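Colleague: query.txt is reproduced below (compact mmCIF, C-alpha atoms).
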# COMPACT_ATOMS: atom_id res chain seq x y z
CA MET A 1 -6.35 8.30 -1.91
CA ALA A 2 -5.82 6.58 1.42
CA MET A 3 -6.79 2.94 1.83
CA LYS A 4 -9.82 2.22 4.02
CA ILE A 5 -10.67 0.13 7.04
CA ALA A 6 -14.40 -0.68 6.75
CA ILE A 7 -16.34 -1.58 9.89
CA LEU A 8 -19.93 -2.77 10.33
CA GLU A 9 -20.79 -1.58 13.83
CA ASP A 10 -23.90 0.25 15.01
CA ASP A 11 -22.92 0.94 18.63
CA GLU A 12 -21.65 4.51 18.98
CA ARG A 13 -19.48 3.80 22.02
CA ARG A 14 -17.80 0.88 20.30
CA ARG A 15 -17.21 3.03 17.22
CA ILE A 16 -15.53 5.74 19.28
CA ALA A 17 -13.29 3.22 21.06
CA MET A 18 -12.32 1.51 17.79
CA LEU A 19 -11.60 4.79 16.04
CA ASP A 20 -9.51 6.00 18.97
CA ARG A 21 -7.20 2.98 18.71
CA LEU A 22 -6.96 3.12 14.92
CA GLN A 23 -6.20 6.84 14.80
CA ASP A 24 -3.58 6.51 17.52
CA ARG A 25 -1.64 3.79 15.72
CA MET A 26 -2.48 3.91 11.99
CA PRO A 27 -3.96 7.35 11.23
CA GLN A 28 -2.83 7.17 7.61
CA TYR A 29 -5.77 4.91 6.81
CA GLU A 30 -9.36 6.12 6.58
CA THR A 31 -11.86 4.38 8.86
CA VAL A 32 -15.40 4.04 7.49
CA PHE A 33 -18.26 2.85 9.72
CA PHE A 34 -21.59 1.43 8.65
CA ALA A 35 -24.75 0.64 10.63
CA ASP A 36 -26.64 -0.87 7.70
CA ALA A 37 -25.60 -3.93 5.69
CA VAL A 38 -27.05 -2.74 2.38
CA GLU A 39 -25.27 0.61 2.68
CA MET A 40 -21.99 -1.19 3.34
CA ILE A 41 -22.47 -3.45 0.33
CA GLN A 42 -23.16 -0.42 -1.86
CA TRP A 43 -19.98 1.19 -0.59
CA LEU A 44 -17.92 -1.99 -1.06
CA ALA A 45 -19.12 -2.23 -4.66
CA THR A 46 -16.89 0.75 -5.47
CA HIS A 47 -14.27 0.63 -2.70
CA LEU A 48 -13.37 -3.01 -2.13
CA SER A 49 -10.14 -2.72 -4.12
CA ASP A 50 -8.84 0.04 -1.86
CA THR A 51 -9.99 -1.55 1.40
CA LEU A 52 -7.17 -2.65 3.69
CA ALA A 53 -9.29 -4.62 6.17
CA ILE A 54 -12.93 -5.27 7.06
CA SER A 55 -14.42 -5.84 10.51
CA LEU A 56 -17.95 -7.19 10.85
CA ASP A 57 -20.48 -7.33 13.66
CA HIS A 58 -23.38 -9.67 12.96
CA ASP A 59 -26.48 -8.49 14.83
CA LEU A 60 -27.57 -4.91 14.19
CA VAL A 61 -30.27 -3.06 16.13
CA LEU A 62 -33.49 -2.16 14.30
CA GLN A 63 -33.46 1.53 13.38
CA GLN A 64 -36.45 3.81 13.98
CA SER A 65 -36.89 6.65 11.53
CA GLY A 66 -38.39 10.03 12.34
CA ASP A 67 -41.83 9.05 11.01
CA GLY A 68 -42.06 6.08 13.35
CA LYS A 69 -41.20 3.47 10.74
CA VAL A 70 -38.76 0.74 11.66
CA ASN A 71 -35.87 -0.07 9.34
CA ASP A 72 -34.16 -3.46 9.39
CA PRO A 73 -30.42 -2.79 8.92
CA GLY A 74 -29.70 -6.43 8.06
CA THR A 75 -26.79 -8.46 9.43
CA GLY A 76 -23.10 -9.02 8.90
CA ARG A 77 -23.96 -12.25 7.09
CA GLN A 78 -25.14 -10.21 4.11
CA ILE A 79 -21.68 -8.66 3.86
CA ALA A 80 -19.98 -12.05 4.13
CA ASP A 81 -22.23 -13.46 1.40
CA TYR A 82 -21.51 -10.45 -0.80
CA LEU A 83 -17.75 -10.71 -0.32
CA SER A 84 -17.75 -14.46 -0.94
CA GLN A 85 -18.69 -13.78 -4.57
CA PHE A 86 -15.20 -12.39 -5.08
CA GLY A 87 -11.69 -13.66 -4.57
CA PRO A 88 -10.00 -12.56 -1.35
CA GLN A 89 -9.17 -8.85 -1.32
CA CYS A 90 -8.21 -8.18 2.31
CA PRO A 91 -8.46 -9.78 5.76
CA VAL A 92 -11.83 -9.87 7.53
CA VAL A 93 -12.27 -9.72 11.32
CA PHE A 94 -15.54 -10.82 12.96
CA HIS A 95 -16.38 -9.04 16.20
CA SER A 96 -19.68 -10.52 17.36
CA THR A 97 -20.87 -12.47 20.38
CA ASN A 98 -23.21 -14.45 18.10
CA ALA A 99 -20.88 -17.45 17.78
CA PRO A 100 -23.11 -19.58 15.51
CA ALA A 101 -23.54 -16.62 13.13
CA VAL A 102 -19.79 -15.95 13.15
CA ALA A 103 -19.14 -19.61 12.31
CA GLY A 104 -21.47 -19.26 9.32
CA MET A 105 -19.80 -16.06 8.08
CA GLU A 106 -16.39 -17.63 8.59
CA LEU A 107 -17.34 -20.68 6.56
CA ALA A 108 -18.77 -18.61 3.71
CA LEU A 109 -15.63 -16.49 3.41
CA ARG A 110 -13.05 -19.19 4.00
CA ASP A 111 -14.67 -21.35 1.34
CA ALA A 112 -14.08 -18.43 -1.04
CA GLY A 113 -10.42 -18.20 0.00
CA TRP A 114 -10.63 -15.23 2.35
CA THR A 115 -8.51 -15.01 5.51
CA THR A 116 -10.63 -14.40 8.59
CA TYR A 117 -10.10 -13.68 12.26
CA ARG A 118 -12.52 -13.50 15.16
CA VAL A 119 -12.82 -11.56 18.40
CA SER A 120 -15.66 -12.18 20.83
CA PRO A 121 -16.75 -9.00 22.64
CA TYR A 122 -16.88 -9.10 26.44
CA ASP A 123 -17.24 -6.77 29.42
CA ASP A 124 -18.60 -3.65 27.74
CA LEU A 125 -15.60 -2.12 25.91
CA ALA A 126 -12.84 -4.14 27.62
CA TRP A 127 -12.40 -6.27 24.49
CA ILE A 128 -11.49 -3.34 22.22
CA PRO A 129 -7.71 -3.76 22.83
CA ASP A 130 -8.07 -7.42 21.76
CA TRP A 131 -9.98 -6.28 18.69
CA PHE A 132 -7.28 -3.76 17.82
CA ALA A 133 -4.53 -6.37 18.30
CA THR A 134 -6.45 -8.70 15.99
CA ILE A 135 -7.01 -6.18 13.21
CA ARG A 136 -3.38 -5.09 13.48
CA ARG A 137 -2.25 -8.71 13.16
CA ALA A 138 -4.64 -9.28 10.26
CA ILE A 139 -3.20 -6.31 8.35
CA ILE A 140 0.40 -7.25 9.16
CA ASN A 141 -0.10 -10.87 8.10
CA ALA A 142 -1.48 -9.71 4.74
CA ALA A 143 1.72 -7.78 3.90
CA ARG A 144 3.48 -8.77 0.71
CA PRO A 145 7.26 -8.68 0.16
CA ALA A 146 8.58 -5.30 -0.93
CA ALA A 147 9.58 -5.05 -4.57
CA SER A 148 12.70 -3.17 -3.51
CA ILE A 149 14.03 -1.27 -0.57
CA PRO A 150 14.90 2.34 -1.32
CA GLN A 151 18.48 3.35 -0.72
CA SER A 152 17.79 6.88 0.42
CA PRO A 153 15.40 8.43 2.90
CA GLY A 154 12.20 9.70 1.37
CA ALA A 155 12.25 7.14 -1.43
CA SER A 156 9.73 4.85 0.26
CA ARG A 157 7.16 5.41 -2.42
CA VAL A 158 8.85 2.90 -4.73
CA LEU A 159 7.71 0.19 -2.31
CA ARG A 160 4.19 -0.08 -3.71
CA MET B 1 29.14 3.28 19.29
CA VAL B 2 25.89 4.18 17.55
CA THR B 3 25.92 6.32 14.43
CA MET B 4 22.67 8.13 13.80
CA ALA B 5 22.23 9.62 10.35
CA ALA B 6 18.47 10.05 10.61
CA MET B 7 16.70 13.14 11.83
CA SER B 8 14.88 13.12 15.13
CA LYS B 9 11.23 14.00 15.31
CA GLN B 10 9.12 15.64 17.99
CA PRO B 11 5.94 13.84 19.10
CA ALA B 12 2.76 15.12 17.41
CA ASP B 13 1.28 15.45 20.89
CA SER B 14 3.66 17.88 22.58
CA THR B 15 2.11 17.38 26.03
CA PRO B 16 5.05 16.71 28.39
CA TYR B 17 3.72 13.43 29.78
CA PRO B 18 6.09 11.93 32.31
CA GLN B 19 7.94 8.82 31.24
CA ASP B 20 5.90 5.71 32.07
CA PRO B 21 7.66 3.87 34.94
CA ARG B 22 7.33 0.62 32.94
CA SER B 23 9.43 2.04 30.08
CA ARG B 24 12.66 0.03 29.71
CA THR B 25 15.29 -0.61 27.10
CA ALA B 26 14.27 -3.50 24.86
CA GLY B 27 16.05 -6.78 25.54
CA PRO B 28 15.82 -10.50 26.18
CA TRP B 29 13.83 -9.83 29.36
CA MET B 30 10.73 -9.08 27.26
CA THR B 31 7.86 -11.52 27.74
CA ASP B 32 5.42 -12.46 24.98
CA GLY B 33 3.05 -9.67 23.96
CA THR B 34 2.79 -6.51 21.89
CA TYR B 35 4.85 -3.44 22.75
CA VAL B 36 5.29 0.05 21.42
CA TYR B 37 8.88 1.16 20.95
CA VAL B 38 10.77 4.44 20.57
CA ARG B 39 14.42 4.84 19.56
CA ASP B 40 15.99 7.69 21.50
CA ALA B 41 18.61 10.23 20.47
CA GLN B 42 21.40 7.93 21.67
CA GLY B 43 20.13 5.11 19.46
CA LEU B 44 18.71 2.92 22.25
CA VAL B 45 15.30 1.32 21.73
CA TYR B 46 12.86 1.65 24.63
CA VAL B 47 9.61 -0.29 24.95
CA LEU B 48 6.30 -0.16 26.79
CA PRO B 49 3.47 -2.72 26.82
CA ASP B 50 0.95 -1.79 24.13
CA GLY B 51 -1.96 0.45 25.08
CA PRO B 52 -3.86 3.54 24.01
CA HIS B 53 -1.75 6.61 23.27
CA VAL B 54 1.42 5.30 24.92
CA HIS B 55 4.07 6.38 22.40
CA PRO B 56 4.52 9.84 24.03
CA ARG B 57 5.12 8.15 27.38
CA VAL B 58 7.94 5.83 26.30
CA LEU B 59 10.60 8.55 26.54
CA GLY B 60 8.30 11.09 28.18
CA TYR B 61 8.51 14.88 28.51
CA ALA B 62 7.92 15.34 24.74
CA ARG B 63 11.46 14.17 24.01
CA PRO B 64 12.25 13.69 20.31
CA ALA B 65 12.65 10.24 18.80
CA MET B 66 14.88 8.80 16.09
CA TYR B 67 12.25 6.20 15.22
CA ALA B 68 9.10 4.61 16.64
CA GLY B 69 6.58 1.85 16.01
CA ASP B 70 5.30 -1.33 17.57
CA LEU B 71 6.39 -4.95 17.77
CA THR B 72 5.23 -8.36 18.94
CA ILE B 73 7.21 -10.92 20.92
CA GLU B 74 6.23 -14.60 20.63
CA ASN B 75 8.22 -17.42 22.17
CA GLY B 76 10.95 -14.95 23.03
CA GLN B 77 11.40 -13.70 19.45
CA VAL B 78 10.32 -10.55 17.65
CA VAL B 79 7.74 -11.90 15.18
CA ASP B 80 6.62 -8.56 13.82
CA ILE B 81 7.99 -5.03 13.96
CA THR B 82 6.47 -1.99 12.26
CA ASN B 83 6.75 1.79 11.97
CA LEU B 84 3.13 2.23 13.19
CA SER B 85 2.91 5.30 15.40
CA GLY B 86 0.43 8.13 15.02
CA THR B 87 2.57 10.08 17.47
CA PHE B 88 5.77 9.98 15.41
CA LYS B 89 4.85 8.83 11.87
CA PHE B 90 8.33 7.81 10.72
CA ASP B 91 8.41 7.06 7.00
CA ASP B 92 11.85 5.63 6.25
CA PRO B 93 12.14 1.87 5.69
CA ILE B 94 15.94 1.91 5.92
CA GLU B 95 15.74 3.36 9.42
CA LEU B 96 13.21 0.65 10.35
CA LEU B 97 15.81 -1.96 9.36
CA GLY B 98 18.25 0.02 11.51
CA VAL B 99 15.92 -0.49 14.48
CA VAL B 100 15.96 -4.24 13.79
CA THR B 101 19.76 -4.23 13.88
CA GLN B 102 19.70 -2.25 17.11
CA LEU B 103 17.24 -4.68 18.71
CA GLU B 104 19.62 -7.51 17.81
CA ASN B 105 22.46 -5.51 19.36
CA GLN B 106 20.31 -5.19 22.50
CA GLY B 107 20.07 -8.99 22.66
CA LEU B 108 16.75 -9.76 20.97
CA VAL B 109 16.21 -12.39 18.28
CA VAL B 110 14.27 -10.97 15.32
CA ALA B 111 12.57 -13.61 13.17
CA ALA B 112 13.14 -13.55 9.41
CA GLY B 113 10.34 -11.82 7.50
CA SER B 114 9.12 -9.93 10.55
CA THR B 115 9.68 -6.32 9.42
CA ARG B 116 6.55 -4.61 8.09
CA PHE B 117 6.75 -1.11 6.66
CA PHE B 118 3.64 1.10 6.42
CA ALA B 119 3.83 4.10 4.06
CA CYS B 120 2.68 7.14 5.98
CA ASP B 121 0.42 8.42 3.20
CA GLY B 122 -1.80 5.35 3.65
CA MET B 123 -2.08 4.81 -0.09
CA SER B 124 -0.76 1.26 -0.06
CA PRO B 125 -0.86 -1.81 2.16
CA PRO B 126 2.19 -2.64 4.30
CA VAL B 127 5.15 -4.49 2.81
CA THR B 128 7.58 -6.98 4.31
CA LEU B 129 11.17 -5.71 4.23
CA ASN B 130 13.19 -8.77 5.26
Can you present the structure in this file as C-alpha cells?
Modeller:
Amino acid sequence: MAMKIAILEDDERRRIAMLDRLQDRMPQYETVFFADAVEMIQWLATHLSDTLAISLDHDLVLQQSGDGKVNDPGTGRQIADYLSQFGPQCPVVFHSTNAPAVAGMELALRDAGWTTYRVSPYDDLAWIPDWFATIRRAIINAARPAASIPQSPGASRVLR
Amino acid sequence: MVTMAAMSKQPADSTPYPQDPRSRTAGPWMTDGTYVYVRDAQGLVYVLPDGPHVHPRVLGYARPAMYAGDLTIENGQVVDITNLSGTFKFDDPIELLGVVTQLENQGLVVAAGSTRFFACDGMSPPVTLN
C-alpha cells in the first residue's frame, strides 16, 4: 500500500494545482484531500502511520447541503490539536494566509515534537510552486539513513 | 570515459517536446535553487530550473535517459539530490550514487548526506544513501 500525502484544502483550483505538481514529481505516493476537519481526523485515526506528509489550510468555507442546511467544516486547528496528542509521525506544512492561526497550530505541534513548515499563499495560485518546494523539502528532511545499499539493480526493496 | 551499465528509459510522456533552451550540463555555474536533472546516454547530467512537467524538456524530443531526478543547490553546493521524476521513475539507488559521482566529475560539490532515494512503489519514506 502506497504511503499518503494528506491535505486539508477546500478550494478546487488549489487542489488541482497541488495534485498536478505532486503527480508530476512523486506519483508513487497517494494524495488524499479533505474539505472537512472531522472527516480528516477520522481518516488520520487509521492512516496516520502510513502518512508521509500533511499539509493544512486553516480557514474552510461553510458548506451548504442540498436541503439548504449549512455545515461547518471546522478548521485546520482541529487537525493540529488532534495530531499533538501523538508523537511526531511525519512533517506538517501549513498553507494558510491566517498568520495568527498558523502560529497557534505551529505552537501546538512543535510543543509535541512535530516538525512544521509554513507557506503563505499569495497571488491566486502563484504560490503553489513554493508550496511544492516546501513539501518536497519537508519530505526530504524527514529521510532516515538507509539500513543498507543494495549491490545489484532491482534490490532497492531492502532499503525499508 | 564514462561507463554506463544501466539501462536507458524512455520518458512516460512520449510527446517530442523540444529541448528547453535553458537546459545545460550541470556544473559550478549553477546558482542557488532547485533543478530537475536528466543523465543522457553519454553519461552527462543536464539540468533545468524546477517547474511543472519539465523533465521531458531537459533532453527534449522524447530522448531516453540513463537517470533522472531533482536536486537543490545552496551556497554553491548540492544539498539534496533525489530520483524524483514522474516522467522517468528510476528505481536504482546505486545509479543515483553514480549520478552524484558524475556531478562531482562535472565540477559540483555534493554535500555529505545529501542523497535521498525514493522507492518507486511508494510503500516507504525516502532514505538517505550517503
Colleague: Could you jot down the atom CA of A:Asp123 to atom CA of A:Arg137 separation for me, Å, one decimal place?
Modeller: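 Separating atom CA of A:Asp123 from atom CA of A:Arg137 is a distance of 22.2 Å.
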Colleague: Of the candidates B:Val54, B:Met66, B:Leu48, B:Val127, which one gets nearest to chain A if we count all atoms listed in the file?
Modeller: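 Result for the nearest residue to chain A: B:Val127.
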Colleague: Give me, as a ChimeraX atom specification, the contact residues of chain A against chain B at a cut-off of 7 Å, counting all atoms listed in the file.
Modeller: /A:1-3,21,23-29,52,140,143-146,153-154,156,160
Colleague: Applying 7 Å and only C-alpha atoms, which residues near B:Val38 remain after dropping the ones on its own chain fewer than 4 positions away? List them as a list of chain:residue names.
Modeller: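 So, after excluding close chain neighbours, the residues are B:Val45, B:Tyr46, B:Val47, B:Val58, B:Ala65, B:Tyr67, B:Ala68, B:Gly69.
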Colleague: Rank nothing, just name the residue among A:His95, A:Arg15, A:Arg77, A:Lys4 nearest to A:Thr51, using all atoms listed in the file.
Modeller: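 Nearest candidate to A:Thr51 out of A:His95, A:Arg15, A:Arg77, A:Lys4: A:Lys4.
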Colleague: Here is a test: counting all atoms listed in the file, which residue of B:Pro28, B:Ser8, B:Pro56, B:Tyr17 is nearest to B:Val109?
Modeller: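 Of B:Pro28, B:Ser8, B:Pro56, B:Tyr17, the one nearest B:Val109, counting all atoms listed in the file, is B:Pro28.
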Colleague: Can you work out the spacing between atom CA of B:Ala62 and atom CA of A:Asp20 in Å, to one decimal?
Modeller: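 Atom CA of A:Asp20 lies at a distance of 20.6 Å from atom CA of B:Ala62.
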Colleague: Please, what distance in Å, to one decimal, runs between atom CA of A:Gln89 and atom CA of A:Asp59?
Modeller: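 So the answer is 23.7 Å.
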Colleague: Can you list, as a list in words, every protein, DNA or RNA residue that comes within 9 Å of A:Ile7 when you count only C-alpha atoms, leaving out same-chain residues fewer than 2 positions away?
Modeller: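 Counting only C-alpha atoms, the residues come to Ile5, Glu9, Arg15, Thr31, Val32, Phe33, Phe34, Ala35, Met40, Ala53, Ile54, Ser55, Leu56 and Asp57 of chain A.
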Colleague: Mind listing whatever residues come within 12 Å of the point (-15.6, -6.0, 26.7)? Use only C-alpha atoms, file coordinates, and give them as JSON, numbers by chain.
Modeller: {"A": [13, 14, 17, 95, 96, 97, 119, 120, 121, 122, 123, 124, 125, 126, 127, 128, 129, 130, 131]}
Colleague: Please determine an axis-aligned box that encloses all atoms of stretch 54-57 of chain B listed in the file, with 5 Å added on each side, and express its centre and edge lengths in Å to one decimal as JSON.
Modeller:
{"center_x": 3.3, "center_y": 7.6, "center_z": 24.9, "size_x": 13.7, "size_y": 14.5, "size_z": 15.0}
Colleague: Write out as a VMD selection string the residues lying within 12 Å of A:Val92, counting only C-alpha atoms and excluding same-chain residues fewer than 4 positions away.
Modeller: chain A and resid 5 to 8 48 51 to 57 76 79 to 80 83 to 84 88 102 105 to 106 108 to 110 113 to 119 131 134 to 139 141 to 142
Colleague: Find the residue from A:Val38, A:His58, A:Asn71, A:Leu22 that sits nearest to A:Ala99; use all atoms listed in the file when measuring.
Modeller: A:His58
